[in-house]
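S.K.: The structure file start-v3.json (JSON, C-alpha atoms) is provided below.
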```json
[["chain", "number", "residue", "atom", "x", "y", "z"],
["A", 1, "SER", "CA", 219.84, 82.79, 38.83],
["A", 2, "GLY", "CA", 221.59, 86.11, 38.32],
["A", 3, "LYS", "CA", 224.73, 85.73, 40.45],
["A", 4, "SER", "CA", 227.15, 86.77, 37.70],
["A", 5, "SER", "CA", 224.71, 89.47, 36.59],
["A", 6, "LEU", "CA", 224.78, 90.95, 40.09],
["A", 7, "LEU", "CA", 228.58, 90.92, 39.99],
["A", 8, "ARG", "CA", 228.58, 92.75, 36.64],
["A", 9, "ILE", "CA", 226.23, 95.37, 38.09],
["A", 10, "LEU", "CA", 228.45, 95.83, 41.17],
["A", 11, "LYS", "CA", 231.49, 96.17, 38.88],
["A", 12, "ARG", "CA", 229.49, 98.79, 36.92],
["A", 13, "LEU", "CA", 229.73, 96.82, 33.68],
["A", 14, "TRP", "CA", 225.92, 96.67, 33.52],
["A", 15, "THR", "CA", 223.20, 99.06, 34.64],
["A", 16, "PRO", "CA", 220.28, 97.57, 36.60],
["A", 17, "VAL", "CA", 217.00, 97.46, 34.66],
["A", 18, "LYS", "CA", 215.12, 98.26, 37.86],
["A", 19, "GLY", "CA", 216.11, 98.80, 41.46],
["A", 20, "SER", "CA", 219.65, 99.70, 42.45],
["A", 21, "ALA", "CA", 222.88, 98.18, 43.74],
["A", 22, "TYR", "CA", 225.69, 99.99, 45.49],
["A", 23, "ILE", "CA", 229.29, 99.24, 46.20],
["A", 24, "CYS", "CA", 231.54, 102.01, 47.44],
["A", 25, "LEU", "CA", 234.66, 101.92, 45.29],
["A", 26, "ILE", "CA", 237.07, 104.59, 44.20],
["A", 27, "GLU", "CA", 237.87, 104.28, 40.49],
["A", 28, "GLY", "CA", 241.17, 102.44, 40.04],
["A", 29, "ASN", "CA", 241.12, 101.22, 43.66],
["A", 30, "THR", "CA", 242.79, 97.83, 44.01],
["A", 31, "GLU", "CA", 241.48, 97.27, 47.55],
["A", 32, "VAL", "CA", 238.62, 95.31, 45.94],
["A", 33, "MET", "CA", 239.40, 92.95, 43.07],
["A", 34, "PHE", "CA", 236.99, 91.05, 40.87],
["A", 35, "LEU", "CA", 238.15, 87.70, 39.50],
["A", 36, "PRO", "CA", 235.81, 86.55, 36.73],
["A", 37, "GLN", "CA", 235.66, 83.05, 35.27],
["A", 38, "LYS", "CA", 237.45, 84.30, 32.17],
["A", 39, "SER", "CA", 239.95, 87.05, 32.89],
["A", 40, "LEU", "CA", 240.47, 90.00, 30.63],
["A", 41, "LEU", "CA", 243.90, 89.73, 29.05],
["A", 42, "THR", "CA", 245.58, 92.85, 27.83],
["A", 43, "THR", "CA", 248.25, 93.38, 25.20],
["A", 44, "GLY", "CA", 251.89, 93.35, 26.19],
["A", 45, "SER", "CA", 254.11, 91.21, 28.36],
["A", 46, "LEU", "CA", 253.39, 88.68, 31.06],
["A", 47, "ALA", "CA", 254.28, 91.42, 33.56],
["A", 48, "ASP", "CA", 251.53, 93.57, 32.00],
["A", 49, "GLN", "CA", 249.07, 90.72, 32.61],
["A", 50, "VAL", "CA", 250.08, 90.44, 36.26],
["A", 51, "VAL", "CA", 249.94, 94.16, 37.12],
["A", 52, "TYR", "CA", 246.72, 94.86, 35.16],
["A", 53, "PRO", "CA", 244.84, 97.25, 35.41],
["A", 54, "LEU", "CA", 248.14, 99.11, 35.77],
["A", 55, "GLN", "CA", 250.83, 98.93, 33.11],
["A", 56, "ALA", "CA", 254.26, 97.51, 33.85],
["A", 57, "LYS", "CA", 256.04, 100.69, 32.77],
["A", 58, "GLU", "CA", 254.03, 102.69, 35.36],
["A", 59, "ASN", "CA", 255.84, 100.77, 38.12],
["A", 60, "VAL", "CA", 259.40, 101.51, 37.00],
["A", 61, "SER", "CA", 261.27, 104.81, 37.09],
["A", 62, "ASN", "CA", 264.86, 103.62, 37.69],
["A", 63, "ASP", "CA", 266.99, 100.46, 37.87],
["A", 64, "LEU", "CA", 266.18, 99.79, 41.53],
["A", 65, "ASP", "CA", 262.46, 100.14, 40.85],
["A", 66, "PHE", "CA", 262.83, 97.76, 37.90],
["A", 67, "CYS", "CA", 264.57, 95.14, 40.04],
["A", 68, "LEU", "CA", 261.98, 95.41, 42.83],
["A", 69, "PHE", "CA", 259.13, 95.37, 40.33],
["A", 70, "GLU", "CA", 260.47, 92.32, 38.49],
["A", 71, "ASN", "CA", 261.03, 90.46, 41.78],
["A", 72, "ARG", "CA", 257.46, 91.19, 42.87],
["A", 73, "VAL", "CA", 256.03, 90.02, 39.53],
["A", 74, "ASN", "CA", 258.16, 86.86, 39.64],
["A", 75, "GLU", "CA", 256.97, 86.11, 43.18],
["A", 76, "ALA", "CA", 253.32, 86.50, 42.10],
["A", 77, "LEU", "CA", 253.97, 84.15, 39.16],
["A", 78, "ARG", "CA", 255.72, 81.63, 41.40],
["A", 79, "LEU", "CA", 252.90, 81.63, 43.94],
["A", 80, "ALA", "CA", 250.34, 81.32, 41.13],
["A", 81, "GLY", "CA", 252.18, 78.34, 39.62],
["A", 82, "LEU", "CA", 253.03, 80.16, 36.38],
["A", 83, "LEU", "CA", 256.83, 79.92, 36.19],
["A", 84, "SER", "CA", 256.53, 77.50, 33.26],
["A", 85, "LEU", "CA", 254.54, 80.14, 31.35],
["A", 86, "LYS", "CA", 257.28, 82.67, 32.07],
["A", 87, "THR", "CA", 259.82, 80.17, 30.66],
["A", 88, "ARG", "CA", 257.71, 79.53, 27.53],
["A", 89, "LEU", "CA", 257.54, 83.28, 26.89],
["A", 90, "GLY", "CA", 261.25, 83.87, 27.54],
["A", 91, "GLY", "CA", 260.74, 86.15, 30.55],
["A", 92, "VAL", "CA", 258.23, 88.44, 32.21],
["A", 93, "ASN", "CA", 259.04, 91.54, 30.19],
["A", 94, "ILE", "CA", 259.05, 90.02, 26.70],
["A", 95, "VAL", "CA", 256.16, 91.58, 24.76],
["A", 96, "PHE", "CA", 253.87, 88.85, 23.47],
["A", 97, "ASP", "CA", 252.39, 89.88, 20.13],
["A", 98, "GLY", "CA", 250.04, 86.92, 19.73],
["A", 99, "ASN", "CA", 246.56, 86.30, 21.05],
["A", 100, "TRP", "CA", 246.79, 85.39, 24.73],
["A", 101, "ASN", "CA", 243.48, 83.49, 24.53],
["A", 102, "ASP", "CA", 244.99, 81.19, 21.88],
["A", 103, "TYR", "CA", 248.31, 80.76, 23.69],
["A", 104, "ILE", "CA", 247.32, 79.89, 27.25],
["A", 105, "SER", "CA", 244.84, 77.41, 28.71],
["A", 106, "PRO", "CA", 241.71, 78.42, 30.64],
["A", 107, "GLY", "CA", 243.45, 77.21, 33.82],
["A", 108, "GLU", "CA", 246.49, 79.41, 33.14],
["A", 109, "MET", "CA", 244.11, 82.30, 32.49],
["A", 110, "GLN", "CA", 242.57, 81.81, 35.93],
["A", 111, "LYS", "CA", 246.03, 81.52, 37.49],
["A", 112, "ILE", "CA", 246.93, 84.88, 35.91],
["A", 113, "ALA", "CA", 243.93, 86.36, 37.72],
["A", 114, "PHE", "CA", 245.28, 84.95, 40.99],
["A", 115, "ALA", "CA", 248.77, 86.29, 40.16],
["A", 116, "ARG", "CA", 247.12, 89.73, 39.83],
["A", 117, "LEU", "CA", 245.48, 89.28, 43.17],
["A", 118, "ILE", "CA", 248.80, 88.22, 44.76],
["A", 119, "TYR", "CA", 250.56, 91.21, 43.18],
["A", 120, "HIS", "CA", 247.97, 93.83, 44.22],
["A", 121, "LYS", "CA", 247.16, 92.31, 47.65],
["A", 122, "PRO", "CA", 243.59, 93.61, 47.90],
["A", 123, "SER", "CA", 241.67, 93.59, 51.17],
["A", 124, "PHE", "CA", 238.60, 92.10, 49.47],
["A", 125, "ALA", "CA", 238.12, 89.85, 46.44],
["A", 126, "ILE", "CA", 234.98, 88.78, 44.60],
["A", 127, "LEU", "CA", 235.52, 85.47, 42.80],
["A", 128, "ASP", "CA", 233.03, 84.61, 40.05],
["A", 129, "GLU", "CA", 233.68, 80.97, 39.10],
["A", 130, "ALA", "CA", 237.36, 81.95, 39.45],
["A", 131, "THR", "CA", 238.54, 78.35, 39.98],
["A", 132, "SER", "CA", 236.22, 76.53, 37.57],
["A", 133, "SER", "CA", 239.07, 75.61, 35.19],
["A", 134, "LEU", "CA", 241.46, 74.58, 37.96],
["A", 135, "SER", "CA", 241.88, 71.22, 39.64],
["A", 136, "GLU", "CA", 240.43, 70.86, 43.14],
["A", 137, "GLU", "CA", 244.04, 70.71, 44.39],
["A", 138, "ASP", "CA", 244.80, 74.11, 42.81],
["A", 139, "GLU", "CA", 241.49, 75.48, 44.05],
["A", 140, "ASP", "CA", 242.39, 74.40, 47.60],
["A", 141, "TYR", "CA", 245.83, 76.00, 47.25],
["A", 142, "PHE", "CA", 244.46, 79.36, 46.10],
["A", 143, "TYR", "CA", 241.71, 79.57, 48.74],
["A", 144, "ASN", "CA", 244.26, 78.75, 51.45],
["A", 145, "LEU", "CA", 246.57, 81.38, 49.97],
["A", 146, "LEU", "CA", 243.76, 83.95, 50.19],
["A", 147, "HIS", "CA", 243.38, 83.08, 53.89],
["A", 148, "GLN", "CA", 247.15, 83.41, 54.45],
["A", 149, "MET", "CA", 247.16, 86.80, 52.68],
["A", 150, "GLY", "CA", 244.32, 88.00, 54.89],
["A", 151, "THR", "CA", 242.09, 88.70, 51.90],
["A", 152, "THR", "CA", 238.37, 88.61, 52.62],
["A", 153, "PHE", "CA", 236.52, 87.00, 49.73],
["A", 154, "LEU", "CA", 233.08, 86.37, 48.36],
["A", 155, "THR", "CA", 232.65, 83.48, 45.93],
["A", 156, "ILE", "CA", 230.07, 83.06, 43.22],
["A", 157, "GLY", "CA", 230.18, 79.47, 42.09],
["A", 158, "HIS", "CA", 228.55, 76.21, 41.17],
["A", 159, "ARG", "CA", 231.24, 73.81, 42.42],
["A", 160, "SER", "CA", 230.25, 72.39, 45.78],
["A", 161, "SER", "CA", 233.95, 72.11, 46.64],
["A", 162, "VAL", "CA", 234.16, 75.89, 47.31],
["A", 163, "LYS", "CA", 231.69, 75.73, 50.21],
["A", 164, "LYS", "CA", 234.34, 74.48, 52.63],
["A", 165, "TYR", "CA", 236.21, 77.80, 52.38],
["A", 166, "HIS", "CA", 233.23, 79.82, 53.58],
["A", 167, "HIS", "CA", 231.17, 80.29, 56.75],
["A", 168, "ILE", "CA", 228.07, 81.92, 55.26],
["A", 169, "ILE", "CA", 226.09, 81.16, 52.13],
["A", 170, "LEU", "CA", 223.89, 83.73, 50.42],
["A", 171, "THR", "CA", 221.34, 82.17, 48.10],
["A", 172, "LEU", "CA", 219.73, 84.40, 45.46],
["A", 173, "PHE", "CA", 216.44, 83.02, 44.16],
["A", 174, "GLY", "CA", 216.20, 85.32, 41.15],
["A", 175, "ARG", "CA", 212.55, 86.22, 41.57],
["A", 176, "ASP", "CA", 211.34, 89.46, 43.10],
["A", 177, "GLY", "CA", 214.70, 90.01, 44.78],
["A", 178, "GLN", "CA", 214.27, 87.08, 47.18],
["A", 179, "TRP", "CA", 217.33, 85.78, 48.96],
["A", 180, "GLN", "CA", 218.36, 83.72, 51.98],
["A", 181, "MET", "CA", 221.47, 83.83, 54.15],
["A", 182, "SER", "CA", 222.51, 80.81, 56.19],
["A", 183, "THR", "CA", 225.50, 79.69, 58.21],
["A", 184, "LEU", "CA", 227.50, 76.72, 56.96],
["A", 185, "GLU", "CA", 228.38, 74.00, 59.45],
["A", 186, "ASP", "CA", 232.09, 73.24, 59.90]]
```
Would you encode the structure as structure tokens?
M.R.:
Amino acid sequence: SGKSSLLRILKRLWTPVKGSAYICLIEGNTEVMFLPQKSLLTTGSLADQVVYPLQAKENVSNDLDFCLFENRVNEALRLAGLLSLKTRLGGVNIVFDGNWNDYISPGEMQKIAFARLIYHKPSFAILDEATSSLSEEDEDYFYNLLHQMGTTFLTIGHRSSVKKYHHIILTLFGRDGQWQMSTLED
């Protein structure tokens, strides 16, 4: 009933047909991150995927920077459960010239989105079906990780399993802008 559409409008990917929606963001600000169901994958290395929307080379100006950068990327991959992908690719900085969508599973794609979130450490995250291709065990792990990181999050989803990570539910009815907010019982 328009949940993902609202997210696309807030991300400024779509323009509202009528009415308006506002979110105060500075272009390029990583304090708010959007994790869609299917992440955008860029060209380049696994490190490029993790640091997106930045580029890996933007983070490195000398050998010390390179070492710190690589350690931070590796830690994000470890926490996201993607060390096996790193091994398959031969390292984080090996440029992959194939089609990422053909090479990795939908679950790995969603884990890359979480690796980005771990790397950038935003204050706020909007998750749009961001765990739909993950097991409930992985979903539980990532939501608990968000809590540990101190990231405030809003979830758009159909899986009832995500309710337990939230205190408030906002229901959009999709007609004439009607909505309802209610508190979830523990």
S.K.: Could you tell me, as a VMD selection string, which residues have any atom at most 12 Å from (253.4, 95.1, 31.8), counting all atoms listed in the file?
M.R.: chain A and resid 41 to 60 66 69 to 70 73 91 to 96 116
S.K.: Using all atoms listed in the file, determine which residues lie at most 7 Å from Met33 (chain A), disregarding the query and same-chain residues fewer than 4 positions distant; provide the list as JSON, numbers by chain.
M.R.: {"A": [122, 124, 125, 126]}
S.K.: Using the selection just defined, write its residues with C-alpha atoms as a PDB file, in the frame of the given file.
M.R.:
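Written out: selection.pdb:
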```
ATOM      1  CA  PRO A 122     243.590  93.610  47.900  1.00  0.00           C
ATOM      2  CA  PHE A 124     238.600  92.100  49.470  1.00  0.00           C
ATOM      3  CA  ALA A 125     238.120  89.850  46.440  1.00  0.00           C
ATOM      4  CA  ILE A 126     234.980  88.780  44.600  1.00  0.00           C
TER       5      ILE A 126
END
```
S.K.: Show me, as a compact mmCIF listing (two decimals) with C-alpha atoms, in the frame of the given file, the residues that have an atom within 8 Å of region 108-115 of chain A when counting all atoms listed in the file, minus same-chain residues fewer than 5 positions from it.
M.R.:
```
# COMPACT_ATOMS: atom_id res chain seq x y z
CA LEU A 35 238.15 87.70 39.50
CA GLN A 37 235.66 83.05 35.27
CA LYS A 38 237.45 84.30 32.17
CA SER A 39 239.95 87.05 32.89
CA GLN A 49 249.07 90.72 32.61
CA VAL A 50 250.08 90.44 36.26
CA ALA A 76 253.32 86.50 42.10
CA LEU A 77 253.97 84.15 39.16
CA LEU A 79 252.90 81.63 43.94
CA ALA A 80 250.34 81.32 41.13
CA GLY A 81 252.18 78.34 39.62
CA LEU A 82 253.03 80.16 36.38
CA ALA A 130 237.36 81.95 39.45
CA THR A 131 238.54 78.35 39.98
CA SER A 133 239.07 75.61 35.19
CA LEU A 134 241.46 74.58 37.96
CA PHE A 142 244.46 79.36 46.10
```
S.K.: My list of candidates is A:Val17, A:Ser160, A:Glu75, A:Ile104. Which is closest to Leu89 (chain A) when distances are computed with all atoms listed in the file?
M.R.: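 Comparing A:Val17, A:Ser160, A:Glu75, A:Ile104 against Leu89 (chain A), the winner is A:Ile104.
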S.K.: Grab all the atoms of region 115-132 of chain A that the file lists, wrap them in a box along x, y and z, add 5 Å per side, and give me centre plus edge lengths in Å (one decimal) as JSON.
M.R.:
```
{"center_x": 241.8, "center_y": 85.2, "center_z": 44.4, "size_x": 27.5, "size_y": 27.3, "size_z": 23.6}
```
